[in-house]
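Structure below is model.txt: compact mmCIF, C-alpha atoms.
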# COMPACT_ATOMS: atom_id res chain seq x y z
CA MET A 1 68.76 -21.08 -21.77
CA SER A 2 71.29 -21.43 -19.01
CA THR A 3 70.48 -21.35 -15.31
CA LEU A 4 72.58 -20.01 -12.49
CA THR A 5 73.62 -22.51 -9.79
CA ALA A 6 75.77 -22.24 -6.72
CA CYS A 7 78.08 -25.14 -5.97
CA HIS A 8 77.02 -26.94 -2.82
CA GLU A 9 80.56 -27.39 -1.61
CA CYS A 10 82.43 -24.21 -2.56
CA ASP A 11 79.61 -21.72 -3.27
CA LEU A 12 80.92 -20.82 -6.75
CA LEU A 13 78.27 -19.47 -9.11
CA THR A 14 78.14 -21.25 -12.43
CA HIS A 15 75.99 -20.89 -15.53
CA LEU A 16 74.57 -24.29 -16.31
CA PRO A 17 73.66 -24.97 -19.93
CA PRO A 18 70.78 -27.42 -20.51
CA LEU A 19 72.18 -30.88 -19.94
CA PRO A 20 72.11 -33.52 -22.66
CA ALA A 21 70.61 -36.91 -21.78
CA HIS A 22 72.94 -38.85 -19.45
CA GLY A 23 75.02 -35.71 -19.02
CA ALA A 24 76.47 -34.41 -15.78
CA ALA A 25 77.85 -31.05 -14.71
CA TYR A 26 80.70 -30.63 -12.24
CA CYS A 27 81.84 -27.53 -10.42
CA PRO A 28 84.79 -26.00 -12.33
CA ARG A 29 86.49 -24.95 -9.11
CA CYS A 30 86.17 -27.81 -6.62
CA GLY A 31 85.02 -30.63 -8.90
CA SER A 32 81.93 -31.69 -6.99
CA LEU A 33 78.87 -32.92 -8.85
CA LEU A 34 76.39 -30.12 -9.58
CA VAL A 35 73.66 -31.94 -11.47
CA ARG A 36 73.25 -35.11 -13.42
CA SER A 37 70.42 -35.68 -15.82
CA LYS A 38 68.51 -38.83 -15.13
CA ALA A 39 65.97 -40.20 -17.58
CA ASN A 40 62.58 -41.38 -16.28
CA SER A 41 63.80 -40.68 -12.79
CA ILE A 42 60.42 -40.68 -11.06
CA GLU A 43 59.12 -43.83 -12.72
CA ARG A 44 62.30 -45.78 -12.08
CA SER A 45 62.63 -44.63 -8.49
CA LEU A 46 59.02 -45.49 -7.85
CA ALA A 47 59.52 -49.02 -9.15
CA LEU A 48 62.60 -49.48 -7.00
CA VAL A 49 60.91 -48.05 -3.89
CA LEU A 50 58.07 -50.54 -4.29
CA ALA A 51 60.53 -53.40 -4.72
CA SER A 52 62.50 -52.25 -1.67
CA LEU A 53 59.38 -52.04 0.47
CA ILE A 54 58.41 -55.62 -0.37
CA LEU A 55 61.95 -56.85 0.29
CA PHE A 56 62.05 -54.89 3.53
CA CYS A 57 58.89 -56.59 4.80
CA ILE A 58 60.46 -59.97 4.08
CA ALA A 59 63.78 -58.92 5.61
CA ILE A 60 62.34 -57.88 8.94
CA SER A 61 59.73 -60.58 9.38
CA PHE A 62 61.84 -63.69 8.68
CA PRO A 63 64.93 -64.91 10.55
CA PHE A 64 68.21 -63.93 8.90
CA LEU A 65 70.42 -66.46 10.66
CA ALA A 66 69.79 -69.76 12.37
CA MET A 67 72.30 -71.49 14.57
CA LYS A 68 72.51 -75.13 15.56
CA THR A 69 74.50 -76.64 18.42
CA GLY A 70 73.67 -80.09 19.62
CA GLY A 71 69.91 -80.33 19.64
CA LEU A 72 69.32 -76.62 20.10
CA GLU A 73 68.35 -74.36 17.27
CA GLN A 74 68.35 -70.62 17.67
CA GLN A 75 66.85 -68.27 15.11
CA THR A 76 66.89 -64.55 15.06
CA THR A 77 65.04 -61.78 13.29
CA LEU A 78 66.07 -58.17 13.36
CA ILE A 79 63.32 -57.26 15.80
CA THR A 80 64.12 -59.99 18.33
CA GLY A 81 67.75 -58.86 18.21
CA VAL A 82 66.78 -55.32 19.10
CA TRP A 83 64.45 -56.57 21.81
CA LEU A 84 67.14 -58.76 23.41
CA LEU A 85 69.53 -55.82 23.52
CA TYR A 86 66.84 -53.76 25.16
CA THR A 87 66.08 -56.35 27.84
CA GLN A 88 69.80 -56.60 28.61
CA GLY A 89 69.77 -52.98 29.65
CA MET A 90 71.49 -51.67 26.52
CA LYS A 91 68.57 -49.35 25.84
CA GLY A 92 70.52 -46.66 24.00
CA LEU A 93 72.14 -49.18 21.73
CA ALA A 94 68.83 -50.94 21.06
CA THR A 95 67.26 -47.60 20.12
CA VAL A 96 70.11 -46.80 17.73
CA VAL A 97 69.73 -50.14 15.96
CA LEU A 98 65.95 -49.83 15.88
CA LEU A 99 66.14 -46.36 14.33
CA THR A 100 68.92 -46.93 11.82
CA CYS A 101 67.90 -50.38 10.61
CA ILE A 102 64.13 -50.45 10.91
CA LEU A 103 62.40 -47.12 11.43
CA PHE A 104 64.48 -44.73 9.31
CA PRO A 105 64.62 -47.02 6.27
CA LEU A 106 60.89 -47.68 6.62
CA PHE A 107 60.05 -43.96 6.93
CA GLN A 108 62.27 -43.23 3.99
CA MET A 109 60.71 -45.77 1.68
CA ALA A 110 57.13 -45.05 2.75
CA GLY A 111 57.81 -41.32 2.44
CA LEU A 112 59.25 -41.64 -1.04
CA LEU A 113 56.24 -43.66 -2.09
CA TYR A 114 54.00 -40.96 -0.66
CA VAL A 115 55.81 -38.20 -2.54
CA LEU A 116 56.56 -39.95 -5.82
CA LEU A 117 53.33 -41.85 -6.46
CA PRO A 118 51.19 -38.69 -6.77
CA LEU A 119 53.90 -37.07 -8.92
CA TYR A 120 53.68 -40.02 -11.27
CA PHE A 121 49.97 -39.28 -11.70
CA LYS A 122 50.76 -35.57 -12.16
CA CYS A 123 49.38 -34.35 -8.85
CA ARG A 124 50.80 -33.54 -5.43
CA ALA A 125 50.23 -35.13 -2.04
CA PRO A 126 49.52 -32.78 0.88
CA PHE A 127 52.69 -31.86 2.82
CA ALA A 128 54.74 -33.57 0.13
CA MET A 129 57.46 -30.93 0.37
CA ARG A 130 57.83 -31.32 4.10
CA ALA A 131 57.92 -35.10 3.71
CA PHE A 132 60.56 -34.92 1.00
CA ARG A 133 62.68 -32.59 3.10
CA VAL A 134 62.59 -35.01 6.03
CA ILE A 135 63.43 -37.90 3.72
CA GLN A 136 66.52 -36.12 2.47
CA HIS A 137 67.66 -35.41 6.01
CA LEU A 138 67.17 -39.05 7.04
CA GLN A 139 69.08 -40.50 4.13
CA PRO A 140 72.53 -40.87 5.77
CA TRP A 141 70.97 -42.41 8.87
CA SER A 142 69.31 -45.40 7.30
CA MET A 143 72.01 -48.02 7.33
CA MET A 144 70.59 -51.29 6.10
CA GLU A 145 73.56 -51.97 3.86
CA VAL A 146 75.87 -51.59 6.83
CA PHE A 147 73.71 -54.04 8.75
CA MET A 148 74.08 -56.50 5.89
CA LEU A 149 77.86 -56.32 6.25
CA GLY A 150 77.34 -56.91 9.98
CA ILE A 151 75.40 -60.10 9.21
CA LEU A 152 78.24 -61.37 7.04
CA VAL A 153 80.84 -60.67 9.72
CA SER A 154 78.80 -62.43 12.41
CA LEU A 155 78.22 -65.35 10.06
CA VAL A 156 81.96 -65.96 9.93
CA LYS A 157 82.38 -65.26 13.63
CA LEU A 158 79.76 -67.82 14.62
CA ALA A 159 80.74 -70.43 12.06
CA GLU A 160 83.24 -71.98 14.46
CA LEU A 161 80.89 -72.02 17.44
CA ALA A 162 78.09 -73.80 15.70
CA VAL A 163 76.48 -74.62 12.39
CA VAL A 164 75.07 -71.39 11.04
CA THR A 165 72.58 -71.32 8.23
CA PRO A 166 71.48 -68.14 6.48
CA GLY A 167 67.73 -67.54 6.40
CA ILE A 168 65.38 -66.07 3.79
CA SER A 169 65.76 -62.67 5.29
CA LEU A 170 69.48 -62.61 4.48
CA TRP A 171 68.75 -62.86 0.75
CA ALA A 172 66.11 -60.16 1.05
CA PHE A 173 68.68 -57.94 2.79
CA ALA A 174 71.21 -58.63 0.05
CA LEU A 175 68.77 -57.66 -2.69
CA LEU A 176 67.66 -54.67 -0.67
CA ILE A 177 71.15 -53.22 -0.82
CA PHE A 178 71.00 -53.18 -4.61
CA THR A 179 67.47 -51.79 -4.87
CA THR A 180 68.07 -49.00 -2.37
CA ALA A 181 71.46 -48.07 -3.84
CA ALA A 182 69.97 -47.97 -7.36
CA GLN A 183 67.03 -45.94 -6.12
CA THR A 184 69.30 -43.35 -4.47
CA ALA A 185 71.38 -43.13 -7.63
CA LEU A 186 68.41 -42.81 -9.96
CA LEU A 187 66.32 -40.33 -8.03
CA ASP A 188 66.71 -36.84 -9.45
CA THR A 189 66.05 -34.65 -6.42
CA HIS A 190 66.18 -31.46 -8.50
CA GLN A 191 63.45 -32.78 -10.71
CA VAL A 192 61.33 -33.74 -7.71
CA TRP A 193 61.74 -30.29 -6.16
CA GLU A 194 60.79 -28.64 -9.42
CA ALA A 195 57.75 -30.85 -9.75
CA LEU A 196 56.72 -30.12 -6.16
CA GLU A 197 57.20 -26.40 -6.53
CA VAL A 198 53.98 -24.44 -6.27
CA PRO A 199 53.78 -21.63 -8.82
CA ASP A 200 51.57 -19.27 -6.83
CA GLY A 201 52.80 -19.66 -3.25
CA SER A 202 49.77 -21.41 -1.79
CA THR A 203 50.35 -24.72 -0.02
CA MET B 1 93.17 -18.41 -11.92
CA ALA B 2 93.00 -15.32 -14.07
CA GLN B 3 89.27 -14.82 -13.99
CA ARG B 4 87.88 -13.67 -10.67
CA GLU B 5 85.53 -16.24 -9.27
CA VAL B 6 82.16 -15.10 -8.04
CA THR B 7 80.42 -16.97 -5.28
CA ALA B 8 76.78 -16.80 -4.31
CA LYS B 9 77.78 -15.03 -1.10
CA HIS B 10 79.45 -12.22 -3.06
CA LEU B 11 76.22 -11.43 -4.85
CA GLY B 12 74.15 -11.69 -1.68
CA MET B 13 72.62 -14.96 -2.71
CA ILE B 14 72.06 -18.12 -0.72
CA SER B 15 71.87 -21.63 -2.09
CA CYS B 16 69.35 -23.71 -0.15
CA GLN B 17 71.15 -26.54 1.66
CA ASN B 18 68.26 -28.85 1.07
CA CYS B 19 66.77 -28.26 -2.39
CA HIS B 20 69.64 -26.25 -3.93
CA LEU B 21 67.40 -23.38 -4.98
CA LEU B 22 69.39 -20.19 -5.42
CA CYS B 23 67.71 -17.38 -3.48
CA ARG B 24 68.42 -13.69 -3.28
CA GLN B 25 69.15 -12.64 0.29
CA PRO B 26 66.73 -9.87 1.24
CA GLN B 27 67.66 -6.86 3.36
CA ARG B 28 66.55 -7.81 6.82
CA ASN B 29 67.27 -7.50 10.49
CA LYS B 30 69.69 -9.98 12.02
CA HIS B 31 67.27 -12.00 14.09
CA GLN B 32 64.83 -12.87 11.38
CA GLN B 33 64.98 -16.49 10.28
CA LEU B 34 65.14 -16.88 6.51
CA LEU B 35 63.24 -19.75 4.97
CA CYS B 36 63.68 -21.24 1.53
CA PRO B 37 60.73 -20.11 -0.59
CA ARG B 38 60.58 -23.51 -2.26
CA CYS B 39 61.12 -26.18 0.36
CA GLY B 40 60.81 -24.20 3.59
CA SER B 41 64.17 -25.18 5.13
CA ALA B 42 66.13 -22.58 7.04
CA LEU B 43 68.46 -20.65 4.74
CA HIS B 44 72.04 -19.99 5.77
CA SER B 45 74.77 -18.59 3.60
CA ARG B 46 77.16 -20.81 5.60
CA LYS B 47 76.17 -23.48 8.10
CA PRO B 48 75.63 -21.63 11.41
CA ASN B 49 78.46 -21.94 13.98
CA SER B 50 79.94 -24.60 11.77
CA LEU B 51 83.40 -24.66 13.33
CA SER B 52 82.42 -24.46 16.99
CA ARG B 53 79.81 -27.19 16.61
CA CYS B 54 82.21 -29.35 14.69
CA TRP B 55 84.98 -28.85 17.29
CA ALA B 56 82.59 -29.69 20.14
CA LEU B 57 81.47 -32.91 18.46
CA VAL B 58 84.99 -33.92 17.47
CA ILE B 59 86.26 -33.41 21.02
CA ALA B 60 83.32 -35.34 22.48
CA ALA B 61 83.89 -38.17 20.01
CA SER B 62 87.61 -38.30 20.83
CA ILE B 63 86.82 -38.62 24.51
CA LEU B 64 84.28 -41.40 23.89
CA LEU B 65 86.82 -43.19 21.73
CA ILE B 66 88.81 -44.05 24.86
CA PRO B 67 86.14 -46.10 26.72
CA ALA B 68 84.98 -47.45 23.36
CA ASN B 69 88.36 -49.08 22.85
CA LEU B 70 89.21 -49.99 26.43
CA MET B 71 85.90 -51.45 27.56
CA PRO B 72 84.61 -54.77 26.28
CA ILE B 73 82.10 -54.75 23.46
CA THR B 74 81.06 -58.36 23.99
CA ILE B 75 81.16 -60.61 27.02
CA THR B 76 81.08 -64.26 26.08
CA SER B 77 80.33 -66.87 28.71
CA ALA B 78 80.73 -70.47 27.67
CA LEU B 79 80.70 -73.46 30.02
CA GLY B 80 81.40 -71.54 33.15
CA HIS B 81 84.21 -69.27 32.02
CA THR B 82 83.67 -65.76 30.72
CA GLN B 83 85.70 -63.77 28.26
CA ALA B 84 85.47 -60.05 27.59
CA ASP B 85 86.41 -58.80 24.13
CA THR B 86 87.32 -55.29 23.10
CA ILE B 87 87.35 -54.07 19.51
CA LEU B 88 91.09 -54.63 19.17
CA SER B 89 91.12 -58.04 20.81
CA GLY B 90 88.46 -59.06 18.28
CA VAL B 91 90.74 -58.00 15.46
CA PHE B 92 93.70 -59.89 16.95
CA TYR B 93 91.55 -62.96 17.41
CA PHE B 94 90.72 -63.04 13.71
CA ILE B 95 94.35 -62.47 12.74
CA GLN B 96 95.39 -65.40 14.93
CA THR B 97 92.74 -67.71 13.56
CA GLY B 98 93.77 -66.67 10.07
CA ILE B 99 90.48 -65.16 8.91
CA TRP B 100 92.16 -62.16 7.30
CA PRO B 101 89.24 -60.64 5.37
CA ILE B 102 87.11 -60.31 8.52
CA ALA B 103 90.03 -58.98 10.56
CA LEU B 104 90.54 -56.37 7.85
CA VAL B 105 86.85 -55.40 7.68
CA ILE B 106 86.63 -54.93 11.45
CA PHE B 107 89.96 -53.11 11.64
CA VAL B 108 89.06 -50.70 8.83
CA ALA B 109 85.49 -50.08 9.99
CA SER B 110 86.08 -49.84 13.74
CA VAL B 111 89.61 -48.57 14.17
CA PHE B 112 90.95 -47.00 11.00
CA VAL B 113 87.86 -45.11 9.78
CA PRO B 114 86.81 -43.44 13.09
CA LEU B 115 90.39 -42.42 13.85
CA THR B 116 91.22 -41.04 10.41
CA LYS B 117 87.85 -39.36 10.26
CA LEU B 118 88.57 -37.47 13.48
CA LEU B 119 92.07 -36.58 12.29
CA ILE B 120 90.81 -35.36 8.90
CA LEU B 121 88.12 -33.22 10.52
CA ILE B 122 90.68 -31.70 12.88
CA LEU B 123 93.00 -31.02 9.95
CA LEU B 124 90.18 -29.42 7.93
CA MET B 125 89.08 -27.22 10.83
CA LEU B 126 92.64 -26.11 11.55
CA SER B 127 93.20 -25.40 7.87
CA VAL B 128 90.14 -23.14 7.83
CA GLN B 129 91.05 -21.37 11.05
CA LEU B 130 94.65 -20.80 10.03
CA ARG B 131 93.50 -19.73 6.53
CA TRP B 132 95.65 -22.21 4.66
CA ARG B 133 95.75 -21.85 0.90
CA TRP B 134 97.02 -25.38 0.44
CA ARG B 135 95.20 -27.55 -2.17
CA PRO B 136 91.59 -26.53 -1.49
CA ARG B 137 90.30 -28.94 -4.12
CA ASP B 138 91.87 -31.92 -2.41
CA ARG B 139 90.68 -30.75 0.97
CA THR B 140 87.12 -30.55 -0.37
CA ARG B 141 87.51 -34.06 -1.75
CA LEU B 142 88.80 -35.24 1.62
CA TYR B 143 85.71 -33.80 3.27
CA ARG B 144 83.40 -35.51 0.79
CA LEU B 145 85.13 -38.81 1.53
CA THR B 146 84.79 -38.51 5.32
CA GLU B 147 81.13 -37.71 5.01
CA LEU B 148 80.54 -40.70 2.76
CA VAL B 149 82.49 -43.34 4.61
CA GLY B 150 81.51 -42.63 8.24
CA ARG B 151 78.35 -44.70 8.39
CA TRP B 152 80.20 -47.94 7.65
CA SER B 153 81.76 -47.79 11.09
CA MET B 154 78.46 -48.95 12.53
CA VAL B 155 79.26 -52.51 11.40
CA ASP B 156 80.66 -53.55 14.76
CA VAL B 157 77.60 -52.30 16.60
CA TYR B 158 75.40 -54.44 14.35
CA VAL B 159 77.65 -57.45 14.79
CA VAL B 160 77.22 -57.14 18.57
CA THR B 161 73.44 -56.92 18.14
CA ILE B 162 73.37 -60.05 16.02
CA LEU B 163 75.68 -62.03 18.31
CA VAL B 164 73.66 -61.09 21.37
CA ALA B 165 70.44 -62.11 19.67
CA LEU B 166 71.72 -65.36 18.28
CA VAL B 167 73.93 -66.80 20.97
CA LYS B 168 71.44 -67.60 23.69
CA LEU B 169 72.07 -71.26 24.12
CA GLY B 170 71.30 -71.59 27.77
CA ALA B 171 74.10 -73.39 29.60
CA VAL B 172 76.23 -73.85 26.51
CA ALA B 173 77.10 -70.26 25.65
CA THR B 174 75.75 -66.74 25.85
CA ILE B 175 77.05 -63.46 24.52
CA ASP B 176 76.18 -60.19 26.23
CA ALA B 177 76.81 -56.70 24.93
CA GLY B 178 79.47 -54.78 26.85
CA PRO B 179 79.52 -51.05 27.60
CA GLY B 180 82.19 -50.48 24.95
CA ALA B 181 79.62 -51.12 22.22
CA ALA B 182 77.42 -48.25 23.39
CA TYR B 183 80.40 -45.86 23.62
CA PHE B 184 81.49 -46.92 20.18
CA ALA B 185 78.04 -46.24 18.72
CA GLY B 186 78.32 -42.81 20.36
CA VAL B 187 81.63 -42.18 18.61
CA VAL B 188 80.21 -43.08 15.21
CA ILE B 189 77.09 -40.96 15.64
CA MET B 190 79.03 -37.95 16.90
CA THR B 191 81.57 -38.06 14.07
CA MET B 192 78.70 -38.30 11.59
CA PHE B 193 77.11 -35.20 13.10
CA ALA B 194 80.48 -33.46 13.17
CA ALA B 195 81.03 -34.12 9.47
CA ARG B 196 77.56 -32.84 8.65
CA ASN B 197 78.17 -29.66 10.63
CA PHE B 198 81.41 -28.81 8.87
CA ASP B 199 80.91 -26.46 5.94
CA PRO B 200 83.34 -27.13 3.06
CA ARG B 201 82.63 -23.66 1.66
CA LEU B 202 84.71 -22.25 4.51
CA ILE B 203 87.78 -23.81 2.87
CA TRP B 204 87.16 -21.64 -0.18
CA ASP B 205 86.18 -18.53 1.76
CA ALA B 206 89.65 -18.41 3.27
CA LEU B 207 91.15 -18.28 -0.23
CA GLU B 208 88.96 -15.41 -1.34
CA GLU B 209 89.73 -13.25 1.65
CA THR B 210 93.43 -13.41 0.91
CA ASN B 211 92.74 -12.65 -2.77
CA ASP B 212 91.13 -9.31 -1.96

Kindly transcribe the structure held in the file into structure tokens.
Amino acid sequence: MSTLTACHECDLLTHLPPLPAHGAAYCPRCGSLLVRSKANSIERSLALVLASLILFCIAISFPFLAMKTGGLEQQTTLITGVWLLYTQGMKGLATVVLLTCILFPLFQMAGLLYVLLPLYFKCRAPFAMRAFRVIQHLQPWSMMEVFMLGILVSLVKLAELAVVTPGISLWAFALLIFTTAAQTALLDTHQVWEALEVPDGST
Amino acid sequence: MAQREVTAKHLGMISCQNCHLLCRQPQRNKHQQLLCPRCGSALHSRKPNSLSRCWALVIAASILLIPANLMPITITSALGHTQADTILSGVFYFIQTGIWPIALVIFVASVFVPLTKLLILILLMLSVQLRWRWRPRDRTRLYRLTELVGRWSMVDVYVVTILVALVKLGAVATIDAGPGAAYFAGVVIMTMFAARNFDPRLIWDALEETND
């Protein structure tokens, strides 16, 4: 049985045949991706979300860079960086960094866990739909992978001022990029929405 | 194309922006807000006021781009003398010291991407308003690219954060964030909102109107 879908980018209506495993459907007019079938999407995403959460805890609680000049050693974690910006009067900037690198990623991962874990056990969490909607809206605003690139650039920049050594947190950040990217790629949002859908219209 | 293409709008249907559920648009009065029956997001056949919002954000971002590039993003003080760096002077510094990869990363993320993103959005909006029929598929692809790549411009903002946090060595050296960094963050955020407010379906709507 085929289903009718509208392309997200050009609004063309297309009849979608059932997709084979690992298949993908593209819009015949504008070429954007309509759907891609993803096997074991919920299980895999759940595993990756758990891994990301653990890595995230390590990434924000340990220093990512340490710098040595003379006898002085300076270490920094993400949170102290944000705090220093804030105390310097760059409050807007500090808020942006706090939101995009700490709070949004954290909300996103915790939210996914909240939505996906019950689905794995074939039930639904209260307000799961609302949570999932917010998660999808937040997605472009959580920028940990961009922050990772920022660490690398500053590493080179500081290398001539002093001896800079990468901390544990840097490795956690590096791994985090892979786990979050894989999780975004593997999560089948259509499948989640269908699983969350209530047949009778009650909450 | 020989076969006439039917869009959801033609059949009075709306595809939910959020969960992609295809809904039939009911007969209703203008002021009633439609909600997706599945996920509860607001339903719009096209993003509301897409072009005017996008223009407003693009213009605001272009204005902010000026102080973002002219004002210093970092102020380094080492052993009594201070040095203010703008985005471009940072790039030149890395070219001079021969660290090409970093110069390239900063140039692409902080100069090339924001500028081309603004230019592409202006081009797309003009093309919709002037009802161009020119290569809609490529224009859609261009839009997808701008939406995807915009967030990477934040790199410089994060670099400033890290430098400020790390270089606090008392009398030896300190780095403070300059006002340019905040303006630059503003540029990136506004262009991201602008890209999200543009509706690529408008590119295709213009084609259909001239077909009729």

Legend entry - Length of the atom CA of Leu4 of chain A to atom CA of Pro126 of chain A vector [Å]: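 For atom CA of Leu4 of chain A relative to atom CA of Pro126 of chain A, the distance reads 29.6 Å.
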
Legend entry - Residue contacts of Gln136 of chain A (9 Å, all atoms listed in the file) excluding same-chain residues fewer than 5 positions away, as a list in words: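 These residues fall inside the cut-off: Gln108 and Ala131 of chain A; Asn18 of chain B.
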
Report as lines of an AutoDock Vina configuration file the centre and the edge lengths, in Å to one decimal, of the axis-aligned box holding every listed atom of segment 184-194 of chain A, padded by 4 Å on each side.
center_x = 66.1
center_y = -36.0
center_z = -7.6
size_x = 18.6
size_y = 22.7
size_z = 14.2

Legend entry - For chain A, the nearest of the candidates B:Trp152, B:Phe107, B:Trp132, B:Tyr183, counting only C-alpha atoms: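 For chain A, the nearest of the given residues is B:Trp152.
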
Legend entry - Residue with smallest distance to Leu43 of chain B - pool B:Gln25, B:Asn69, B:Thr7, B:Thr86, counting all atoms listed in the file: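 Closest residue, counting all atoms listed in the file: B:Gln25.
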
Inset, instruction - Mind listing whatever residues come within 10 Å of the point (69.6, -50.4, 18.4)? Use only C-alpha atoms, file coordinates, and give them as a list in words. - result: Leu78, Ile79, Gly81, Val82, Trp83, Leu85, Tyr86, Met90, Lys91, Gly92, Leu93, Ala94, Thr95, Val96, Val97, Leu98, Leu99, Thr100, Cys101 and Ile102 of chain A; Val157, Tyr158, Thr161, Ala182 and Ala185 of chain B

Inset, instruction - Please identify all polymer residues within 10 Å of Arg201 of chain B, counting only C-alpha atoms, omitting same-chain residues fewer than 3 positions from it, and present them as a ChimeraX atom specification. - result: /A:7-12,30 /B:7,45-47,128,136,140,198,204-206

Keeping only C-alpha atoms, write the selected residues to a file as a CSV table (one decimal), in the coordinates of the input.
chain,number,residue,atom,x,y,z
A,7,CYS,CA,78.1,-25.1,-6.0
A,8,HIS,CA,77.0,-26.9,-2.8
A,9,GLU,CA,80.6,-27.4,-1.6
A,10,CYS,CA,82.4,-24.2,-2.6
A,11,ASP,CA,79.6,-21.7,-3.3
A,12,LEU,CA,80.9,-20.8,-6.8
A,30,CYS,CA,86.2,-27.8,-6.6
B,7,THR,CA,80.4,-17.0,-5.3
B,45,SER,CA,74.8,-18.6,3.6
B,46,ARG,CA,77.2,-20.8,5.6
B,47,LYS,CA,76.2,-23.5,8.1
B,128,VAL,CA,90.1,-23.1,7.8
B,136,PRO,CA,91.6,-26.5,-1.5
B,140,THR,CA,87.1,-30.6,-0.4
B,198,PHE,CA,81.4,-28.8,8.9
B,204,TRP,CA,87.2,-21.6,-0.2
B,205,ASP,CA,86.2,-18.5,1.8
B,206,ALA,CA,89.6,-18.4,3.3

Legend entry - Surrounding residues of Gly167 of chain A excluding itself and chain neighbours under 4 positions, 9 Å, all atoms listed in the file, as a PyMOL selection string: chain A and resi 62-66+75+171

Legend entry - Between atom CA of Asn197 of chain B and atom CA of Leu51 of chain B, distance in Å (one decimal): 7.7 Å

Inset, instruction - Write out as an MDAnalysis selection string each polymer residue whose atoms come within 10 Å of Leu57 of chain B, counting all atoms listed in the file; drop sequence neighbours fewer than 2 positions from it. - result: chainID B and resid 51:55 59:63 118 187 189:195 197

Legend entry - Exercise: Ser61 of chain A partners within 12 Å, all atoms listed in the file, chain neighbours under 4 positions left out, as a PyMOL selection string: chain A and resi 54-57+75-80+102+167-170+172-173

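Considering all atoms listed in the file, the residue among A:Glu197, A:Gly71, A:Leu155, A:Gly150 positioned nearest to Arg130 of chain A is A:Glu197.
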
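Ranking A:Leu113, A:Leu158, A:Leu196, A:Met129 by their shortest atom-to-atom distance to Phe94 of chain B, with all atoms listed in the file included, puts A:Leu158 first.
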
Inset, instruction - Tell me, in Å to one decimal, how far atom CA of Pro18 of chain A is from atom CA of Leu145 of chain B. - result: 28.7 Å

Inset, instruction - Determine the nearest neighbour of chain A from the options B:Gly98, B:Gly40, B:Gly12, B:Gly80, counting all atoms listed in the file. - result: B:Gly40

Inset, instruction - List every protein, DNA or RNA residue that has an atom no more than 9 Å from (84.7, -67.3, 22.6) in the file's coordinate frame, counting only C-alpha atoms, and report them as a PyMOL selection string. - result: (chain A and resi 161) or (chain B and resi 75-78+82-85+173+175)

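Between chain B and the residues A:Leu175, A:Leu48, A:Leu149, A:Ala39, the shortest atom-to-atom distance, using all atoms listed in the file, involves A:Leu149.
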
Missing atoms in segment 159-170 of chain B: fill them in up to N, CA and C atoms and send the result as a PDB file, in the coordinates of the input.
ATOM      1  N   VAL B 159      77.146 -56.107  14.511  1.00  0.00           N
ATOM      2  CA  VAL B 159      77.650 -57.450  14.790  1.00  0.00           C
ATOM      3  C   VAL B 159      77.326 -57.822  16.240  1.00  0.00           C
ATOM      4  N   VAL B 160      77.541 -56.880  17.157  1.00  0.00           N
ATOM      5  CA  VAL B 160      77.220 -57.140  18.570  1.00  0.00           C
ATOM      6  C   VAL B 160      75.741 -57.462  18.719  1.00  0.00           C
ATOM      7  N   THR B 161      74.885 -56.675  18.077  1.00  0.00           N
ATOM      8  CA  THR B 161      73.440 -56.920  18.140  1.00  0.00           C
ATOM      9  C   THR B 161      73.102 -58.335  17.702  1.00  0.00           C
ATOM     10  N   ILE B 162      73.680 -58.740  16.582  1.00  0.00           N
ATOM     11  CA  ILE B 162      73.370 -60.050  16.020  1.00  0.00           C
ATOM     12  C   ILE B 162      73.873 -61.164  16.936  1.00  0.00           C
ATOM     13  N   LEU B 163      75.113 -60.995  17.436  1.00  0.00           N
ATOM     14  CA  LEU B 163      75.680 -62.030  18.310  1.00  0.00           C
ATOM     15  C   LEU B 163      74.846 -62.184  19.577  1.00  0.00           C
ATOM     16  N   VAL B 164      74.463 -61.058  20.155  1.00  0.00           N
ATOM     17  CA  VAL B 164      73.660 -61.090  21.370  1.00  0.00           C
ATOM     18  C   VAL B 164      72.345 -61.812  21.120  1.00  0.00           C
ATOM     19  N   ALA B 165      71.747 -61.528  19.973  1.00  0.00           N
ATOM     20  CA  ALA B 165      70.440 -62.110  19.670  1.00  0.00           C
ATOM     21  C   ALA B 165      70.543 -63.605  19.405  1.00  0.00           C
ATOM     22  N   LEU B 166      71.643 -63.986  18.772  1.00  0.00           N
ATOM     23  CA  LEU B 166      71.720 -65.360  18.280  1.00  0.00           C
ATOM     24  C   LEU B 166      72.269 -66.328  19.322  1.00  0.00           C
ATOM     25  N   VAL B 167      73.267 -65.866  20.070  1.00  0.00           N
ATOM     26  CA  VAL B 167      73.930 -66.800  20.970  1.00  0.00           C
ATOM     27  C   VAL B 167      73.262 -66.767  22.341  1.00  0.00           C
ATOM     28  N   LYS B 168      72.163 -67.462  22.433  1.00  0.00           N
ATOM     29  CA  LYS B 168      71.440 -67.600  23.690  1.00  0.00           C
ATOM     30  C   LYS B 168      71.186 -69.082  23.858  1.00  0.00           C
ATOM     31  N   LEU B 169      72.236 -69.821  24.134  1.00  0.00           N
ATOM     32  CA  LEU B 169      72.070 -71.260  24.120  1.00  0.00           C
ATOM     33  C   LEU B 169      72.066 -71.837  25.534  1.00  0.00           C
ATOM     34  N   GLY B 170      71.457 -71.086  26.416  1.00  0.00           N
ATOM     35  CA  GLY B 170      71.300 -71.590  27.770  1.00  0.00           C
ATOM     36  C   GLY B 170      72.633 -71.851  28.436  1.00  0.00           C
TER      37      GLY B 170
END
